[in-house]
Amino acid sequence: MTTRIDTRFAALKAEGRPALVTYVMAGDPDLATGQAILEALPQAGADIIELGMPFSDPMADGVAIQLAGQRSLAAGQTLRGVLGMVEDFRRKDETTPIVLMGYYNPVYSFGVEAFVTAAKAAGADGLIIVDLPPEEDDELCLPAMAAGLNFIRLTTPTTDDKRLPAVLKNSSGFVYYVSMTGVTGAVIKSRGAVGDAVDRIKSHTDLPVAVGFGIKTAEDAAEIGKHADGIVVGSVLVDAVARSLVDGKATDQTVDAVRTLVAEIFSGVKRARG
Amino acid sequence: MDTTGINSLRNGPDDDGRFGIFGGRFVAETLMPLILDLEAHYRAAQVDPAFKAELNDLSVHYAGRPSPLYFAERLTKHLGGAKVWFKREELNHTGSHKINNCLGQILLAKRMGKTRVIAETGAGQHGVATATVCAKFELPCTIFMGATDVERQMPNVLRMKMLGAEVRPVTAGAGTLKDAMNEALRDWVTNVDSTYYLIGTAAGPHPYPEMVRDFQSVIGTEIKDEFARTQGKLPDAVVACVGGGSNAIGTFHAFLDDPDVKLYGAEAGGHGIDVENGHAASMTGGRPGVLHGNRTYLLQDKDGQILEGHSISAGLDYPGVGPEHAFLHDSKRVTYAPITDTEALEAFQLCTRLEGIIPALESAHGLAQLMKVAPSMDKDQSIVLCLSGRGDKDVESVGKYLGLL
Ligand SMILES: Cc1ncc(COP(=O)(O)O)c(C=O)c1O
């Protein structure tokens, strides 16, 4: 089965540039502005969208995404609300892939079968669930695949060659390489090491490899994009949302702040391969 | 044919770290290779006589084991039912059962060649026990503690600092144990290579619930042996308080296959079970979910967002519980019941006045449960409480509640 994600990566490969994958928190800073941000992303240069499903206890996230999740929950976001955002987005955009990213408990609480069915129907294309390693594939990975959703796995600097095949086994769509041992929003120590790791993963799989965590600037994107099939930006985007707020409320700068930053990083993606 | 063990409740977890549907390894990929490595080292240690010998030596000469089993005569008279016994874990070095687990895990950390230790703490007892073994074994340590708990357990914060630990207050959420655990996990993900995460309760990803239980099981084993030796029988009932559940599972485990021994776990009932977000009784008031590496009973809203909960006792103020308790709750082998803040305070005062023992507020929850059960038991029956910790850390907080300050 070919998904929107497969189609998009194939097209970009032909174009000869990496994909720009943008992460935003669904419903941050409020539900309406969150929807406007989501819909502004493709125009600004996003090739693939990761849409954060907020969770009260985001153990793998740094402060920026923690706060974004809190804003979204305070605005009344729910998992059903996130799926509603995808549905609304799909009415206007049939091609940009959306990957839902978050933690397992809200999905488990929703009901796994009900969730994968609803997510597919809403127009989502893939899932990234941080706290579901391959050891727990029966929980959600296999049901998601059966429903026609890609299950995108994180690989990390601690995933060695021995373990990599197990991690890649039920992966589809693309492989997400976490550039460092750390939480989202931290700083990459060595870009060279990231390039080596991407090559190492590519020797194990034909799936595209996107690199995330710690990519903050157009220059980062251009540099990492030399090796990677995609680069993921998240914390800087939600930070841009945060900085645009006045007394915690969206302003007429909020959507523009994200749009401008995505466009800026997109310029780095475009020049990645010279 | 030897059939022992086939239907045993003591066989868990399975190879995937499950106790029935509970437990598991719900962690980020970064941590997964590490917890597999931890498990391998633990398996090797389990069959290594040198490991056992060293742990045993430390338990005796450093921690002061075995802890006494004490007949609480005045309390027995006062309650007018079963004979009441205290398993005196509060007399251990550092003042609680937490040292049992810390000694085991610090030896593992050493075997794994780790150079730094982190831990979460609620009441500060686990933080103190961790800081203690880190001082002894020359490892730097960082303790994550919710800001609310830093305030209500100040004596333990000072102890940790004097022992050389760095204490990092966590202001996220309600500033309690859950938030401390989130922050510890974030640190661990960042420093996987060097750092050993010394989890303080029988929860978290496999193999922690099993490992912590094993290190704490000495409590129940000693109770059983001492009872057999001095009374020539089993106790009729055993009681412990349940935060994450380490003292309780350590107390219960030896008795799980003795159906005549009734087992009671006291959860934190806070302001009362009917008060929304006003208690920390995850089994009585929650439903299964996934948090901090395991599936277990959790306090959560209808969308699966975790609630903060409340307890007067920092050590019980956690919206989850160890997975083996979740399993024992479903299988009905253990009766878990909520104890309110008020009931715990009453038990705290009664124990202090009648027995001259100031219990930890956590342990006072167990005592309050015992006080509900003992009066209706026969006079020739026996009920044992795991007195998990001493209340020195709580005198200021309790003094405030009682208007003494
Ligand atoms: C004295 C004492 N008892 C009990 C607990 C609760 O923990 P657990 O349920 O793991 O025994 C604590 C935790 O801080 C404690 O300090």
# chains A, B, ... in the order shown; residues from 1 in each chain; ligands from 1
$ select_by_dssp --residues "stretch 338-394 of chain B" --states "helix (DSSP H, G or I)" --output "PyMOL selection string"
chain B and resi 341-355+361-376+392-394
$ write_last_selection --atoms "N, CA, C and O atoms" --output "short mmCIF file (atom, residue, chain, number, x, y, z; two decimals), in the first residue's frame"
data_model
loop_
_atom_site.label_atom_id
_atom_site.label_comp_id
_atom_site.auth_asym_id
_atom_site.auth_seq_id
_atom_site.Cartn_x
_atom_site.Cartn_y
_atom_site.Cartn_z
N ASP B 341 -6.38 11.45 54.61
CA ASP B 341 -5.38 12.24 55.34
C ASP B 341 -5.70 12.25 56.84
O ASP B 341 -4.82 12.08 57.69
N THR B 342 -6.98 12.46 57.14
CA THR B 342 -7.40 12.57 58.54
C THR B 342 -7.18 11.27 59.29
O THR B 342 -6.69 11.26 60.42
N GLU B 343 -7.55 10.15 58.66
CA GLU B 343 -7.35 8.86 59.30
C GLU B 343 -5.86 8.59 59.55
O GLU B 343 -5.47 8.05 60.60
N ALA B 344 -5.03 8.98 58.57
CA ALA B 344 -3.59 8.76 58.72
C ALA B 344 -3.04 9.60 59.87
O ALA B 344 -2.21 9.14 60.67
N LEU B 345 -3.52 10.85 59.98
CA LEU B 345 -3.06 11.73 61.07
C LEU B 345 -3.45 11.16 62.44
O LEU B 345 -2.68 11.22 63.40
N GLU B 346 -4.65 10.59 62.50
CA GLU B 346 -5.09 9.99 63.77
C GLU B 346 -4.21 8.80 64.13
O GLU B 346 -3.79 8.64 65.29
N ALA B 347 -3.93 7.98 63.15
CA ALA B 347 -3.09 6.80 63.40
C ALA B 347 -1.67 7.22 63.81
O ALA B 347 -1.06 6.62 64.69
N PHE B 348 -1.19 8.26 63.15
CA PHE B 348 0.14 8.81 63.46
C PHE B 348 0.22 9.17 64.95
O PHE B 348 1.17 8.80 65.65
N GLN B 349 -0.79 9.88 65.43
CA GLN B 349 -0.79 10.33 66.82
C GLN B 349 -0.96 9.18 67.80
O GLN B 349 -0.32 9.13 68.85
N LEU B 350 -1.81 8.24 67.43
CA LEU B 350 -2.07 7.11 68.31
C LEU B 350 -0.80 6.27 68.51
O LEU B 350 -0.44 5.89 69.62
N CYS B 351 -0.12 6.01 67.43
CA CYS B 351 1.09 5.20 67.47
C CYS B 351 2.15 5.89 68.32
O CYS B 351 2.84 5.27 69.15
N THR B 352 2.25 7.19 68.13
CA THR B 352 3.23 7.98 68.86
C THR B 352 2.96 7.93 70.36
O THR B 352 3.84 7.66 71.17
N ARG B 353 1.69 8.13 70.74
CA ARG B 353 1.33 8.19 72.16
C ARG B 353 1.33 6.82 72.83
O ARG B 353 1.75 6.67 73.97
N LEU B 354 0.83 5.80 72.10
CA LEU B 354 0.68 4.48 72.73
C LEU B 354 1.96 3.65 72.71
O LEU B 354 2.23 2.88 73.62
N GLU B 355 2.74 3.79 71.66
CA GLU B 355 3.90 2.91 71.52
C GLU B 355 5.22 3.65 71.61
O GLU B 355 6.28 3.03 71.62
N LEU B 361 4.42 9.39 57.84
CA LEU B 361 3.01 9.56 57.44
C LEU B 361 2.57 8.47 56.47
O LEU B 361 1.42 8.06 56.48
N GLU B 362 3.51 7.99 55.64
CA GLU B 362 3.20 6.90 54.74
C GLU B 362 2.77 5.68 55.54
O GLU B 362 1.69 5.10 55.35
N SER B 363 3.64 5.28 56.49
CA SER B 363 3.37 4.10 57.30
C SER B 363 2.10 4.26 58.12
O SER B 363 1.39 3.29 58.42
N ALA B 364 1.79 5.51 58.50
CA ALA B 364 0.57 5.78 59.29
C ALA B 364 -0.68 5.40 58.49
O ALA B 364 -1.71 5.05 59.07
N HIS B 365 -0.60 5.47 57.16
CA HIS B 365 -1.72 5.00 56.34
C HIS B 365 -1.92 3.50 56.53
O HIS B 365 -3.06 3.02 56.62
N GLY B 366 -0.82 2.76 56.56
CA GLY B 366 -0.91 1.32 56.80
C GLY B 366 -1.51 1.05 58.17
O GLY B 366 -2.39 0.18 58.33
N LEU B 367 -1.07 1.82 59.15
CA LEU B 367 -1.57 1.62 60.51
C LEU B 367 -3.07 1.90 60.58
O LEU B 367 -3.83 1.17 61.24
N ALA B 368 -3.51 2.95 59.89
CA ALA B 368 -4.94 3.28 59.89
C ALA B 368 -5.76 2.12 59.31
O ALA B 368 -6.86 1.82 59.79
N GLN B 369 -5.21 1.48 58.30
CA GLN B 369 -5.90 0.33 57.72
C GLN B 369 -5.93 -0.82 58.73
O GLN B 369 -6.96 -1.48 58.92
N LEU B 370 -4.81 -1.04 59.39
CA LEU B 370 -4.75 -2.08 60.43
C LEU B 370 -5.80 -1.82 61.51
O LEU B 370 -6.47 -2.74 61.99
N MET B 371 -5.96 -0.54 61.87
CA MET B 371 -6.90 -0.19 62.93
C MET B 371 -8.35 -0.49 62.54
O MET B 371 -9.21 -0.65 63.40
N LYS B 372 -8.59 -0.57 61.22
CA LYS B 372 -9.95 -0.91 60.77
C LYS B 372 -10.18 -2.42 60.81
O LYS B 372 -11.31 -2.87 60.94
N VAL B 373 -9.08 -3.17 60.66
CA VAL B 373 -9.21 -4.61 60.50
C VAL B 373 -9.05 -5.36 61.82
O VAL B 373 -9.79 -6.30 62.13
N ALA B 374 -8.07 -4.94 62.64
CA ALA B 374 -7.69 -5.70 63.83
C ALA B 374 -8.83 -5.91 64.84
O ALA B 374 -8.97 -7.02 65.37
N PRO B 375 -9.67 -4.87 65.10
CA PRO B 375 -10.68 -5.04 66.16
C PRO B 375 -11.65 -6.19 65.90
O PRO B 375 -12.14 -6.80 66.84
N SER B 376 -11.93 -6.49 64.63
CA SER B 376 -12.90 -7.56 64.35
C SER B 376 -12.23 -8.93 64.23
O SER B 376 -12.89 -9.92 63.93
N ASP B 392 10.41 11.23 61.66
CA ASP B 392 11.18 12.45 61.95
C ASP B 392 10.99 13.51 60.87
O ASP B 392 10.87 14.70 61.16
N LYS B 393 10.95 13.07 59.62
CA LYS B 393 10.82 13.98 58.49
C LYS B 393 9.47 14.70 58.51
O LYS B 393 9.30 15.73 57.86
N ASP B 394 8.50 14.13 59.21
CA ASP B 394 7.13 14.66 59.15
C ASP B 394 6.73 15.51 60.35
O ASP B 394 5.64 16.07 60.36
#
$ residues_near_ligand --ligand "ligand 1" --cutoff "7 Å" --atoms "only C-alpha atoms and all ligand atoms" --output "list in words"
Ser96, His97, Thr121, Gly122, Ala123, Gly124, Gln125, His126, Gly200, Thr201, Ala202, Cys241, Val242, Gly243, Gly244, Gly245, Ser246, Asn247, Ala248, Ala314, Gly315, Leu316, Ala360, Glu362, Ser363, Ser388, Gly389 and Arg390 of chain B
$ interface_residues --of "chain B" --to "chain A" --cutoff "8 Å" --atoms "only C-alpha atoms" --output "ChimeraX atom specification"
/B:16,24-33,179,182-183,185-187,189-192,289-293,302-306
$ select_by_dssp --residues "stretch 118-183 of chain A" --states "strand (DSSP E)" --output "PyMOL selection string"
chain A and resi 126-129+150-151+153-155+175-178
